[in-house]
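Raw run.cif, mmCIF, C-alpha atoms:
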data_target
loop_
_atom_site.label_atom_id
_atom_site.label_comp_id
_atom_site.auth_asym_id
_atom_site.auth_seq_id
_atom_site.Cartn_x
_atom_site.Cartn_y
_atom_site.Cartn_z
CA MET T 1 -35.10 -2.79 -0.76
CA SER T 2 -33.01 -5.88 0.06
CA ILE T 3 -29.78 -4.27 -1.09
CA TRP T 4 -30.39 -1.34 1.27
CA ASN T 5 -30.99 -3.78 4.11
CA ASP T 6 -27.73 -5.57 3.28
CA PHE T 7 -25.79 -2.33 3.56
CA LEU T 8 -27.59 -0.96 6.63
CA PRO T 9 -25.05 -2.50 9.07
CA VAL T 10 -22.24 -0.94 7.02
CA PHE T 11 -23.83 2.50 7.25
CA ILE T 12 -24.41 2.23 10.99
CA ALA T 13 -20.94 0.85 11.77
CA ALA T 14 -19.16 3.39 9.56
CA PHE T 15 -21.18 6.28 10.98
CA LEU T 16 -20.47 5.28 14.58
CA LEU T 17 -16.78 4.81 13.83
CA SER T 18 -16.53 8.20 12.15
CA ALA T 19 -18.28 9.83 15.13
CA CYS T 20 -15.83 8.17 17.55
CA PHE T 21 -12.83 9.19 15.47
CA VAL T 22 -14.03 12.80 15.30
CA PHE T 23 -14.56 12.82 19.06
CA PHE T 24 -11.01 11.53 19.65
CA LYS T 25 -9.63 13.89 16.96
CA LYS T 26 -8.56 11.06 14.63
CA ARG T 27 -9.58 12.90 11.50
CA ASN T 28 -7.88 10.59 8.98
CA PHE T 29 -9.76 7.57 10.30
CA ALA T 30 -12.98 9.58 10.39
CA PHE T 31 -12.46 10.44 6.74
CA LEU T 32 -11.95 6.75 5.89
CA SER T 33 -15.18 5.83 7.68
CA LEU T 34 -17.14 8.50 5.82
CA ALA T 35 -15.53 7.32 2.57
CA ALA T 36 -16.84 3.83 3.34
CA ILE T 37 -20.36 5.25 3.65
CA ALA T 38 -19.98 7.13 0.36
CA GLY T 39 -18.67 3.99 -1.29
CA ALA T 40 -21.62 1.93 -0.08
CA PHE T 41 -24.07 4.54 -1.43
CA TYR T 42 -22.25 4.54 -4.77
CA PHE T 43 -22.38 0.74 -4.92
CA ILE T 44 -26.15 0.82 -4.42
CA PHE T 45 -26.59 3.60 -6.97
CA PHE T 46 -24.47 1.70 -9.52
CA SER T 47 -26.40 -1.52 -8.89
CA GLN T 48 -29.72 0.19 -9.49
CA ILE T 49 -28.51 1.63 -12.80
CA GLN T 50 -26.84 -1.59 -13.93
CA ASN T 51 -29.94 -3.70 -13.38
CA GLN T 52 -31.92 -1.81 -16.05
CA ALA T 53 -32.30 -4.67 -18.55
CA TYR T 54 -35.32 -6.17 -20.28
CA VAL T 55 -34.70 -9.88 -20.79
CA PRO T 56 -37.56 -12.41 -21.19
CA PHE T 57 -36.72 -15.27 -18.81
CA ASP T 58 -37.87 -18.90 -18.72
CA SER T 59 -39.87 -18.86 -21.93
CA GLY T 60 -39.17 -19.49 -25.58
CA VAL T 61 -38.10 -16.28 -27.25
CA GLU T 62 -36.83 -15.04 -30.59
CA ALA T 63 -34.43 -12.13 -30.30
CA GLU T 64 -31.58 -10.44 -32.10
CA GLY T 65 -28.27 -9.62 -30.48
CA ILE T 66 -24.84 -8.28 -31.41
CA ILE T 67 -21.82 -10.22 -30.14
CA ARG T 68 -19.68 -8.05 -27.84
CA LYS T 69 -17.28 -10.82 -26.85
CA ALA T 70 -16.58 -14.22 -28.38
CA GLU T 71 -14.47 -16.98 -26.83
CA GLN T 72 -13.73 -20.21 -28.68
CA LEU T 73 -13.26 -22.82 -25.96
CA PRO T 74 -12.14 -26.42 -26.62
CA SER T 75 -15.68 -27.83 -26.42
CA ARG T 76 -17.95 -24.82 -27.04
CA GLN T 77 -18.27 -21.14 -27.79
CA ARG T 78 -18.97 -18.57 -25.10
CA LEU T 79 -20.66 -15.53 -26.61
CA ILE T 80 -21.69 -12.33 -24.86
CA ALA T 81 -24.46 -10.67 -26.85
CA GLU T 82 -26.21 -7.31 -26.49
CA LEU T 83 -29.93 -7.77 -27.16
CA GLU T 84 -31.59 -5.49 -29.69
CA ASN T 85 -35.05 -3.90 -29.46
CA PRO T 86 -37.63 -4.70 -28.18
CA TYR T 87 -35.38 -6.28 -25.55
CA GLY T 88 -32.29 -4.94 -23.80
CA GLY T 89 -29.32 -6.06 -21.72
CA ARG T 90 -26.54 -8.60 -22.17
CA ILE T 91 -26.80 -12.36 -22.14
CA GLN T 92 -24.29 -15.17 -22.28
CA ILE T 93 -24.79 -17.74 -25.02
CA ASN T 94 -23.22 -21.19 -24.72
CA ALA T 95 -23.09 -22.47 -28.30
CA GLN T 96 -21.69 -25.40 -30.27
CA ARG T 97 -18.05 -25.15 -31.33
CA TYR T 98 -19.04 -24.65 -34.97
CA PRO T 99 -19.96 -22.59 -36.92
CA LEU T 100 -17.65 -19.94 -35.47
CA PHE T 101 -19.04 -16.55 -34.56
CA ARG T 102 -17.02 -13.36 -34.15
CA TYR T 103 -17.18 -10.02 -32.41
CA GLY T 104 -19.68 -7.74 -34.15
CA ASP T 105 -21.85 -10.51 -35.63
CA LEU T 106 -25.59 -9.80 -35.51
CA LEU T 107 -27.36 -13.03 -34.53
CA LYS T 108 -30.91 -14.28 -34.49
CA ILE T 109 -31.40 -16.27 -31.29
CA LYS T 110 -34.25 -18.69 -30.63
CA GLY T 111 -34.41 -20.47 -27.28
CA VAL T 112 -34.87 -20.10 -23.53
CA ILE T 113 -32.97 -17.53 -21.46
CA LYS T 114 -32.41 -18.48 -17.82
CA LYS T 115 -31.37 -16.37 -14.86
CA PRO T 116 -27.88 -17.17 -13.56
CA ASP T 117 -27.65 -19.64 -10.68
CA ALA T 118 -27.55 -17.99 -7.27
CA GLU T 119 -24.04 -19.38 -6.69
CA PHE T 120 -22.64 -17.36 -9.60
CA LEU T 121 -25.08 -14.45 -9.57
CA ASN T 122 -22.58 -11.87 -8.30
CA TYR T 123 -20.06 -12.85 -10.97
CA TYR T 124 -22.60 -12.30 -13.73
CA LYS T 125 -23.72 -9.02 -12.18
CA LYS T 126 -20.11 -7.89 -12.13
CA GLU T 127 -19.88 -8.77 -15.84
CA ASN T 128 -23.25 -7.01 -16.45
CA ILE T 129 -24.76 -10.23 -17.81
CA ALA T 130 -28.49 -10.56 -17.15
CA GLY T 131 -29.19 -14.12 -18.38
CA ILE T 132 -27.82 -17.30 -19.93
CA ALA T 133 -28.98 -19.15 -23.04
CA ASN T 134 -27.67 -22.71 -23.34
CA TYR T 135 -27.34 -23.95 -26.90
CA PRO T 136 -30.21 -22.03 -28.53
CA GLU T 137 -30.84 -21.98 -32.26
CA ILE T 138 -28.51 -19.36 -33.75
CA GLY T 139 -28.49 -17.79 -37.18
CA LEU T 140 -26.07 -15.20 -38.55
CA ILE T 141 -27.88 -12.13 -39.90
CA GLU T 142 -24.95 -9.81 -40.58
CA SER T 143 -21.27 -9.36 -39.72
CA GLY T 144 -19.31 -6.22 -38.96
CA ARG T 145 -21.75 -4.56 -36.57
CA GLY T 146 -19.14 -3.97 -33.87
CA ASN T 147 -16.74 -1.10 -33.28
CA PHE T 148 -14.28 -0.86 -36.17
CA ILE T 149 -11.26 -0.11 -33.98
CA LYS T 150 -11.94 -3.00 -31.62
CA ALA T 151 -12.62 -5.37 -34.52
CA THR T 152 -9.30 -4.37 -36.10
CA LEU T 153 -7.45 -4.92 -32.82
CA LEU T 154 -9.02 -8.36 -32.39
CA ASN T 155 -7.99 -9.31 -35.94
CA PHE T 156 -4.47 -8.11 -35.12
CA LYS T 157 -4.42 -10.30 -32.00
CA ASN T 158 -5.76 -13.31 -33.89
CA LYS T 159 -2.98 -12.91 -36.46
CA ILE T 160 -0.37 -12.99 -33.68
CA ILE T 161 -1.93 -16.11 -32.16
CA GLU T 162 -2.02 -17.71 -35.62
CA THR T 163 1.73 -17.03 -35.94
CA PHE T 164 2.30 -18.81 -32.62
CA LYS T 165 0.25 -21.80 -33.79
CA ASN T 166 2.08 -22.00 -37.12
CA ASN T 167 5.53 -22.10 -35.53
CA LEU T 168 5.07 -23.88 -32.20
CA PRO T 169 3.45 -27.08 -30.90
CA ALA T 170 -0.13 -26.61 -29.76
CA GLU T 171 0.45 -26.55 -25.98
CA LYS T 172 3.42 -24.19 -26.28
CA ALA T 173 1.55 -21.87 -28.64
CA ALA T 174 -1.37 -21.73 -26.20
CA PHE T 175 0.94 -20.98 -23.25
CA LEU T 176 2.79 -18.26 -25.18
CA ALA T 177 -0.54 -16.67 -26.12
CA GLY T 178 -1.41 -16.76 -22.42
CA ILE T 179 1.69 -15.00 -21.12
CA THR T 180 1.83 -12.38 -23.90
CA LEU T 181 -1.84 -11.69 -24.67
CA GLY T 182 -3.69 -13.21 -21.71
CA GLU T 183 -5.46 -15.73 -23.97
CA ARG T 184 -6.44 -18.95 -22.18
CA GLN T 185 -9.07 -20.26 -24.57
CA GLU T 186 -6.87 -23.08 -25.88
CA PHE T 187 -5.78 -24.30 -22.44
CA SER T 188 -6.79 -27.88 -21.74
CA LYS T 189 -8.37 -28.75 -18.39
CA GLU T 190 -5.32 -30.87 -17.62
CA PHE T 191 -2.95 -27.94 -18.19
CA GLU T 192 -5.11 -25.57 -16.12
CA GLU T 193 -5.02 -28.12 -13.30
CA LYS T 194 -1.23 -28.33 -13.54
CA MET T 195 -0.90 -24.55 -13.30
CA SER T 196 -3.24 -24.47 -10.32
CA LEU T 197 -1.35 -27.22 -8.45
CA SER T 198 2.03 -25.63 -9.17
CA GLY T 199 0.83 -22.15 -8.14
CA THR T 200 1.73 -20.59 -11.49
CA THR T 201 -1.71 -19.58 -12.79
CA HIS T 202 -0.88 -15.90 -12.25
CA ILE T 203 1.77 -16.09 -14.99
CA VAL T 204 -0.91 -15.92 -17.69
CA ALA T 205 -2.55 -12.89 -16.07
CA LEU T 206 -1.31 -9.84 -17.95
CA SER T 207 0.72 -7.53 -15.76
CA GLY T 208 3.10 -4.62 -15.60
CA TYR T 209 5.77 -6.40 -17.61
CA ASN T 210 3.48 -6.70 -20.62
CA VAL T 211 2.72 -2.99 -20.38
CA SER T 212 6.40 -2.11 -19.96
CA VAL T 213 7.36 -4.09 -23.09
CA ILE T 214 4.65 -2.35 -25.12
CA ALA T 215 5.47 1.10 -23.68
CA LEU T 216 9.24 0.77 -24.25
CA ALA T 217 8.77 -0.53 -27.79
CA ALA T 218 6.32 2.29 -28.60
CA ALA T 219 8.53 4.96 -27.04
CA GLY T 220 11.61 3.65 -28.83
CA PHE T 221 9.89 3.62 -32.21
CA PHE T 222 8.00 6.91 -32.00
CA GLY T 223 10.98 8.63 -30.40
CA LEU T 224 12.87 8.23 -33.67
CA TYR T 225 10.38 10.37 -35.58
CA PHE T 226 8.48 12.60 -33.15
CA SER T 227 9.09 15.01 -30.31
CA ARG T 228 9.08 13.91 -26.70
CA THR T 229 5.54 15.20 -26.08
CA VAL T 230 4.09 13.54 -29.17
CA THR T 231 5.93 10.31 -28.29
CA PHE T 232 4.32 10.40 -24.84
CA TYR T 233 0.78 10.72 -26.22
CA LEU T 234 1.34 8.04 -28.85
CA SER T 235 2.81 5.67 -26.24
CA VAL T 236 -0.24 6.18 -24.02
CA LEU T 237 -2.49 5.51 -27.02
CA ILE T 238 -0.65 2.26 -27.77
CA ILE T 239 -1.06 1.11 -24.14
CA ILE T 240 -4.80 1.84 -24.29
CA LEU T 241 -5.16 -0.04 -27.57
CA PHE T 242 -3.26 -3.02 -26.10
CA VAL T 243 -5.68 -3.12 -23.16
CA LEU T 244 -8.66 -3.05 -25.54
CA MET T 245 -7.11 -5.77 -27.69
CA THR T 246 -6.47 -8.12 -24.76
CA GLY T 247 -9.93 -7.80 -23.23
CA GLY T 248 -9.33 -5.47 -20.31
CA GLU T 249 -8.76 -7.90 -17.43
CA ALA T 250 -8.32 -6.30 -14.01
CA SER T 251 -4.58 -7.00 -13.82
CA ILE T 252 -3.76 -5.41 -17.17
CA VAL T 253 -6.05 -2.41 -16.58
CA ARG T 254 -4.33 -1.82 -13.25
CA ALA T 255 -0.90 -2.12 -14.86
CA ALA T 256 -1.92 0.17 -17.73
CA ILE T 257 -3.19 2.92 -15.44
CA MET T 258 -0.05 2.78 -13.34
CA GLY T 259 2.12 2.67 -16.45
CA ILE T 260 0.42 5.77 -17.86
CA ILE T 261 0.89 7.55 -14.52
CA ALA T 262 4.60 6.63 -14.61
CA LEU T 263 4.91 8.00 -18.15
CA LEU T 264 3.07 11.16 -17.09
CA ALA T 265 5.45 11.63 -14.14
CA LYS T 266 8.42 11.32 -16.49
CA GLU T 267 6.87 13.68 -19.04
CA THR T 268 6.16 16.34 -16.40
CA GLU T 269 9.49 15.73 -14.63
CA ARG T 270 7.88 14.82 -11.32
CA LEU T 271 8.59 12.02 -8.87
CA PHE T 272 6.57 8.85 -9.38
CA SER T 273 4.81 7.69 -6.20
CA MET T 274 3.96 3.99 -6.26
CA ARG T 275 1.50 4.43 -3.37
CA ASN T 276 -0.41 7.20 -5.14
CA ALA T 277 -0.40 5.28 -8.42
CA ILE T 278 -1.92 2.23 -6.70
CA ILE T 279 -4.62 4.36 -5.05
CA ILE T 280 -5.50 6.14 -8.30
CA ALA T 281 -5.63 2.88 -10.28
CA ALA T 282 -7.88 1.20 -7.72
CA PHE T 283 -10.14 4.26 -7.42
CA LEU T 284 -10.64 4.59 -11.18
CA MET T 285 -11.36 0.89 -11.63
CA VAL T 286 -13.84 0.75 -8.74
CA LEU T 287 -15.46 3.98 -9.92
CA PHE T 288 -16.04 2.34 -13.31
CA ASN T 289 -17.36 -0.88 -11.75
CA PRO T 290 -17.61 -1.07 -7.93
CA ARG T 291 -18.46 -4.78 -8.07
CA LEU T 292 -14.81 -5.45 -8.93
CA LEU T 293 -13.84 -4.72 -5.34
CA VAL T 294 -15.91 -7.58 -3.92
CA PHE T 295 -16.66 -10.02 -6.72
CA ASP T 296 -13.59 -9.98 -8.99
CA LEU T 297 -10.85 -12.33 -7.74
CA SER T 298 -8.49 -11.15 -10.47
CA PHE T 299 -8.79 -7.57 -9.18
CA GLN T 300 -8.22 -8.66 -5.59
CA LEU T 301 -5.22 -10.87 -6.35
CA SER T 302 -3.64 -8.26 -8.61
CA PHE T 303 -3.71 -5.52 -6.00
CA ALA T 304 -2.87 -7.82 -3.08
CA ALA T 305 0.21 -9.13 -4.87
CA LEU T 306 1.29 -5.63 -5.87
CA LEU T 307 0.91 -4.31 -2.33
CA GLY T 308 2.95 -7.24 -1.09
CA ILE T 309 5.75 -6.42 -3.53
CA VAL T 310 5.70 -2.71 -2.69
CA TYR T 311 5.53 -2.92 1.11
CA LEU T 312 6.59 -6.42 2.18
CA LEU T 313 9.48 -7.04 -0.23
CA PRO T 314 11.82 -4.30 1.12
CA VAL T 315 11.07 -5.39 4.70
CA LEU T 316 12.00 -9.00 3.93
CA GLN T 317 15.21 -7.84 2.28
CA ASN T 318 16.09 -5.77 5.35
CA VAL T 319 15.28 -8.61 7.75
CA THR T 320 17.28 -11.23 5.85
CA GLY T 321 20.09 -8.89 4.84
CA VAL T 322 20.06 -10.31 1.31
CA ARG T 323 20.79 -7.69 -1.34
CA GLY T 324 21.31 -7.58 -5.10
CA ARG T 325 19.52 -9.30 -7.94
CA GLY T 326 21.58 -12.50 -8.07
CA ARG T 327 22.50 -14.56 -11.08
CA LEU T 328 19.56 -14.73 -13.50
CA ASP T 329 17.78 -12.41 -11.03
CA TRP T 330 17.05 -15.33 -8.72
CA LYS T 331 17.26 -13.21 -5.54
CA GLU T 332 14.88 -10.61 -6.86
CA ASN T 333 12.49 -13.27 -8.16
CA ALA T 334 12.63 -15.07 -4.81
CA PHE T 335 11.70 -12.01 -2.77
CA THR T 336 9.11 -10.90 -5.32
CA THR T 337 7.45 -14.32 -5.30
CA VAL T 338 7.42 -14.68 -1.53
CA SER T 339 6.13 -11.12 -0.98
CA ALA T 340 3.37 -11.39 -3.57
CA GLN T 341 2.18 -14.81 -2.47
CA LEU T 342 2.26 -14.04 1.25
CA ALA T 343 0.01 -11.06 0.52
CA ALA T 344 -2.37 -13.22 -1.54
CA VAL T 345 -2.53 -16.33 0.70
CA PRO T 346 -5.92 -15.48 2.34
CA LEU T 347 -7.54 -14.91 -1.05
CA LEU T 348 -6.16 -18.19 -2.40
CA LEU T 349 -7.30 -20.17 0.64
CA ALA T 350 -10.72 -18.50 0.73
CA ASN T 351 -11.42 -19.16 -2.96
CA PHE T 352 -9.60 -22.43 -3.65
CA GLY T 353 -9.12 -23.93 -0.19
CA ILE T 354 -5.54 -24.94 -0.93
CA PHE T 355 -2.11 -23.37 -1.19
CA SER T 356 1.08 -25.27 -2.03
CA LEU T 357 4.32 -24.29 -0.30
CA THR T 358 6.30 -25.61 -3.27
CA SER T 359 4.73 -22.89 -5.41
CA PHE T 360 7.40 -20.53 -4.01
CA ILE T 361 10.15 -22.65 -5.58
CA ALA T 362 8.22 -23.13 -8.82
CA ASN T 363 7.78 -19.38 -9.27
CA ILE T 364 11.39 -18.60 -8.44
CA LEU T 365 12.56 -21.06 -11.09
CA ILE T 366 10.08 -20.02 -13.76
CA LEU T 367 10.04 -16.24 -13.35
CA SER T 368 13.68 -15.93 -14.44
CA ALA T 369 12.71 -17.07 -17.91
CA ILE T 370 9.29 -15.42 -18.30
CA PRO T 371 10.45 -11.84 -19.17
CA LEU T 372 12.71 -13.09 -21.98
CA THR T 373 9.96 -15.41 -23.20
CA MET T 374 7.49 -12.53 -23.33
CA GLY T 375 9.92 -10.29 -25.16
CA LEU T 376 10.74 -12.95 -27.77
CA GLY T 377 7.05 -13.80 -28.03
CA PHE T 378 6.15 -10.20 -28.89
CA LEU T 379 9.04 -10.14 -31.38
CA MET T 380 7.86 -13.39 -32.93
CA GLY T 381 4.30 -12.10 -33.24
CA GLY T 382 5.52 -8.87 -34.86
CA LEU T 383 7.74 -10.72 -37.33
CA GLY T 384 4.73 -12.81 -38.35
CA PHE T 385 3.33 -9.73 -40.13
CA ILE T 386 6.54 -9.46 -42.14
CA SER T 387 7.73 -13.01 -42.76
CA GLU T 388 6.74 -16.42 -41.41
CA PHE T 389 10.36 -17.49 -41.97
CA LEU T 390 11.68 -14.80 -39.63
CA ALA T 391 8.95 -15.62 -37.11
CA GLY T 392 10.01 -19.27 -37.27
CA ILE T 393 13.62 -18.32 -36.45
CA ALA T 394 12.46 -16.38 -33.38
CA GLY T 395 10.26 -19.36 -32.56
CA LEU T 396 13.32 -21.60 -32.14
CA ALA T 397 14.53 -19.58 -29.15
CA VAL T 398 11.01 -19.23 -27.74
CA ASN T 399 10.46 -22.98 -28.09
CA PHE T 400 13.48 -23.73 -25.87
CA LEU T 401 12.29 -21.37 -23.12
CA LEU T 402 8.73 -22.67 -23.28
CA SER T 403 9.98 -26.25 -22.93
CA TYR T 404 11.77 -25.32 -19.71
CA GLU T 405 8.75 -23.43 -18.29
CA LEU T 406 6.27 -26.19 -19.11
CA TRP T 407 8.63 -28.73 -17.54
CA ILE T 408 8.73 -26.67 -14.32
CA ILE T 409 4.93 -26.43 -14.28
CA ASP T 410 4.57 -30.17 -14.83
CA LEU T 411 7.21 -31.01 -12.18
CA PHE T 412 5.71 -28.87 -9.45
CA SER T 413 2.18 -29.99 -10.22
CA ARG T 414 3.44 -33.40 -9.03
CA ILE T 415 5.61 -32.18 -6.14
CA THR T 416 3.32 -30.30 -3.78
CA LEU T 417 3.25 -29.46 -0.08
CA PRO T 418 -0.35 -28.33 0.20
CA ILE T 419 -1.96 -26.30 2.94
CA ALA T 420 -5.62 -27.22 2.71
CA ILE T 421 -8.32 -25.38 4.67
CA ASP T 422 -12.01 -26.13 4.30
CA SER T 423 -13.09 -22.64 5.27
CA PHE T 424 -11.02 -19.46 5.49
CA GLY T 425 -13.45 -16.74 6.49
CA PHE T 426 -13.51 -12.98 6.71
CA PHE T 427 -12.28 -12.73 10.31
CA ALA T 428 -9.42 -15.15 9.65
CA ALA T 429 -8.34 -12.92 6.75
CA ILE T 430 -8.58 -9.82 8.97
CA GLY T 431 -6.38 -11.50 11.57
CA TYR T 432 -3.82 -12.59 8.99
CA TYR T 433 -3.53 -9.16 7.38
CA SER T 434 -3.40 -7.46 10.78
CA LEU T 435 -0.37 -9.56 11.72
CA LEU T 436 1.23 -8.92 8.33
CA ILE T 437 0.71 -5.15 8.58
CA ALA T 438 2.05 -5.14 12.15
CA PHE T 439 5.16 -7.04 10.99
CA ILE T 440 5.77 -4.54 8.18
CA TYR T 441 5.20 -1.55 10.50
CA VAL T 442 7.58 -2.80 13.21
CA LYS T 443 10.35 -3.92 10.87
CA ARG T 444 10.20 -0.79 8.71
CA ARG T 445 10.77 1.30 11.82
#

Can you dump the structure from the file as structure tokens?
Amino acid sequence: MSIWNDFLPVFIAAFLLSACFVFFKKRNFAFLSLAAIAGAFYFIFFSQIQNQAYVPFDSGVEAEGIIRKAEQLPSRQRLIAELENPYGGRIQINAQRYPLFRYGDLLKIKGVIKKPDAEFLNYYKKENIAGIANYPEIGLIESGRGNFIKATLLNFKNKIIETFKNNLPAEKAAFLAGITLGERQEFSKEFEEKMSLSGTTHIVALSGYNVSVIALAAAGFFGLYFSRTVTFYLSVLIIILFVLMTGGEASIVRAAIMGIIALLAKETERLFSMRNAIIIAAFLMVLFNPRLLVFDLSFQLSFAALLGIVYLLPVLQNVTGVRGRGRLDWKENAFTTVSAQLAAVPLLLANFGIFSLTSFIANILILSAIPLTMGLGFLMGGLGFISEFLAGIAGLAVNFLLSYELWIIDLFSRITLPIAIDSFGFFAAIGYYSLLIAFIYVKRR
């Protein structure tokens, strides 16, 4: 009953607001209030369904589980396993670095499963993980128990990453895997700290550019052999497969949905509405997992940054009178960076307590090179299936760009002008966004 009690104030407030809006004939706001009530009911309904798991906690247990996700971190393996009968539900297994386990491996697990700490409980609920087993005894029973398509896609991704490692120094290969495939498993703690201090962590979050590269390449290839309609469906299929291959983070799922909507608009010869695409993408993602809205920082940052680019960027251009892309697109990158980061500042301060003003400069300098790096990275990975020699040639150009980008990250991890706030609460965020929305409304008029 506690979850109902938590949402009771939401129900009461939303109901009273909707009643007031109806009385004053503000039907749009009344609809939003009623939608909030419906959303809260759906969240509760989803939570009740999601919690149906049978996991034996705090006692020695022998169980079997199939690996649904495997991450090889520098010091350990992080495995997400689906328990088999007589148990049920997903658990996270922290295991030794070796022997390596893969997606689809059926394991025999012997150890103690603990409930997640209260501090991280919502994160694990969002990931649908019921418990954690730290370094249990693990034995491999059988391989190949996962989905064949997903297993093939993961092997395809691993081959691309292997090509990066064979032709680039370790840190550069890891960074290239991050910006093209969203892989951060090989990042050292020192490098993650540098990206955080320089404000460039978002670069390794897959986004619309990754989707656009995949979509354009697919459309260009299939367009040579198939009709326009068939090319459309095949391009959509490739985008979906890319999302499955890269793990389905919030930013890439959002970009994929919006990319598919854009392709659909082109196919049906209709105008593409960015506002409607954002709403549809957010609705579908929250419908699939409503916990994303509250407990997934990646989801929040992705949509906040996008809304900043869509609504704040043109206003800033109008206010400053600066037009055009500029040499190496520096003007566009500058406005894009400022708009996205201004929209995400409350989230950054609330979750990390610090925001560096020099991150604006770092992003302006680095974003000019990132699209070309991604494009050459995809080319290099593709050539690796044909010839390591050809991949190595592409790697020479990629290596130069990566050297520049890593130098920028290192430089601005040392040169910082931090804004540090111990606590940035809900009402402070409401005030900030109210001022930002008012600024956009006034200046757009």

- Query: What does the distance from atom CA of T:Phe412 to atom CA of T:Ala362 come to in Å, to one decimal?
  - Reply: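 It comes out at 6.3 Å.
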
- Identify all residues satisfying the PyMOL selection byres ((chain T and resi 111-118) around 12) in the given file; provide them as a PyMOL selection string. chain T and resi 54-64+83+90-95+108-110+119-125+127-139

- Exercise: residues within 8 Å of coordinate (-1.7, -23.3, 2.1), counting all atoms listed in the file, as number ranges by chain: T: 345, 349, 353-357, 418-421

Report as a compact mmCIF listing (two decimals) with C-alpha atoms, in the frame of the given file all protein, DNA and RNA residues lying within 6 Å of stretch 157-170 of chain T, evaluated on only C-alpha atoms, omitting residues in the same chain fewer than 3 positions from it.
# COMPACT_ATOMS: atom_id res chain seq x y z
CA LEU T 154 -9.02 -8.36 -32.39
CA ALA T 173 1.55 -21.87 -28.64
CA GLY T 381 4.30 -12.10 -33.24
CA GLY T 384 4.73 -12.81 -38.35
CA GLY T 392 10.01 -19.27 -37.27

- Item | Residue contacts of stretch 363-377 of chain T (6 Å, all atoms listed in the file) excluding same-chain residues fewer than 5 positions away, as JSON, numbers by chain | {"T": [180, 333, 334, 405]}

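For the pair atom CA of T:Thr320 and atom CA of T:Lys443, the interatomic distance is 11.3 Å.
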
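The gap separating atom CA of T:Ser302 from atom CA of T:Gly321 is 27.3 Å, in Å to one decimal.
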
- Item | Shortest interatomic distance to T:Phe272 - which of T:Ala217, T:Leu390, T:Met258, T:Ile239, counting only C-alpha atoms |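 Among the listed residues, T:Met258 lies closest to T:Phe272.
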
- Top pick for closest residue to T:Ile214, considering T:Ile409, T:Ala70, T:Leu107, T:Leu379 and counting all atoms listed in the file: T:Leu379

- Item | All residues 9 Å or closer to stretch 423-433 of chain T, all atoms listed in the file, same chain fewer than 2 positions away omitted, as a list in words |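 Counting only the stated atoms, we get Ala343, Pro346, Leu347, Leu349, Ala350, Asn351, Gly353, Ile421, Leu435, Leu436, Ile437 and Ala438 of chain T.
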
- Message: Just want the 6 Å neighbourhood of T:Ala340, counted on only C-alpha atoms, with same-chain residues fewer than 5 positions away dropped. Output as a list in words.
- Response: Ala305, Gly308 and Ile309 of chain T

- Query: Which one is closest to T:Leu401: T:Phe41, T:Asn289, T:Phe175, T:Gly65? Count all atoms listed in the file.
  - Reply: T:Phe175

- Query: Which of these residues is nearest to T:Gln341, using only C-alpha atoms: T:Leu206, T:Ala304, T:Ala277, T:Val319?
  - Reply: T:Ala304

- Return the single residue from T:Leu284, T:Leu237, T:Ala344, T:Leu140 that is closest to T:Pro99, with distances computed using all atoms listed in the file.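 Closest candidate: T:Leu140.
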
- Query: Which residue, T:Leu287, T:Leu383, T:Val243, T:Val398, has the smallest gap to T:Gly39 when you use all atoms listed in the file?
  - Reply: T:Leu287

When you get a chance, write out N, CA and C atoms for stretch 188-196 of chain T, as a CSV table (one decimal), in the coordinates of the input.
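Result went into selection34.csv, see below:
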chain,number,residue,atom,x,y,z
T,188,SER,N,-6.0,-26.7,-22.1
T,188,SER,CA,-6.8,-27.9,-21.7
T,188,SER,C,-7.1,-27.9,-20.2
T,189,LYS,N,-8.1,-28.6,-19.8
T,189,LYS,CA,-8.4,-28.8,-18.4
T,189,LYS,C,-7.2,-29.3,-17.6
T,190,GLU,N,-6.5,-30.3,-18.3
T,190,GLU,CA,-5.3,-30.9,-17.6
T,190,GLU,C,-4.2,-29.8,-17.4
T,191,PHE,N,-4.0,-29.0,-18.4
T,191,PHE,CA,-3.0,-27.9,-18.2
T,191,PHE,C,-3.4,-26.9,-17.2
T,192,GLU,N,-4.6,-26.5,-17.1
T,192,GLU,CA,-5.1,-25.6,-16.1
T,192,GLU,C,-4.9,-26.2,-14.7
T,193,GLU,N,-5.2,-27.5,-14.6
T,193,GLU,CA,-5.0,-28.1,-13.3
T,193,GLU,C,-3.6,-28.1,-12.9
T,194,LYS,N,-2.7,-28.3,-13.8
T,194,LYS,CA,-1.2,-28.3,-13.5
T,194,LYS,C,-0.8,-26.9,-13.1
T,195,MET,N,-1.3,-25.9,-13.7
T,195,MET,CA,-0.9,-24.6,-13.3
T,195,MET,C,-1.5,-24.2,-11.9
T,196,SER,N,-2.6,-24.7,-11.6
T,196,SER,CA,-3.2,-24.5,-10.3
T,196,SER,C,-2.5,-25.2,-9.2
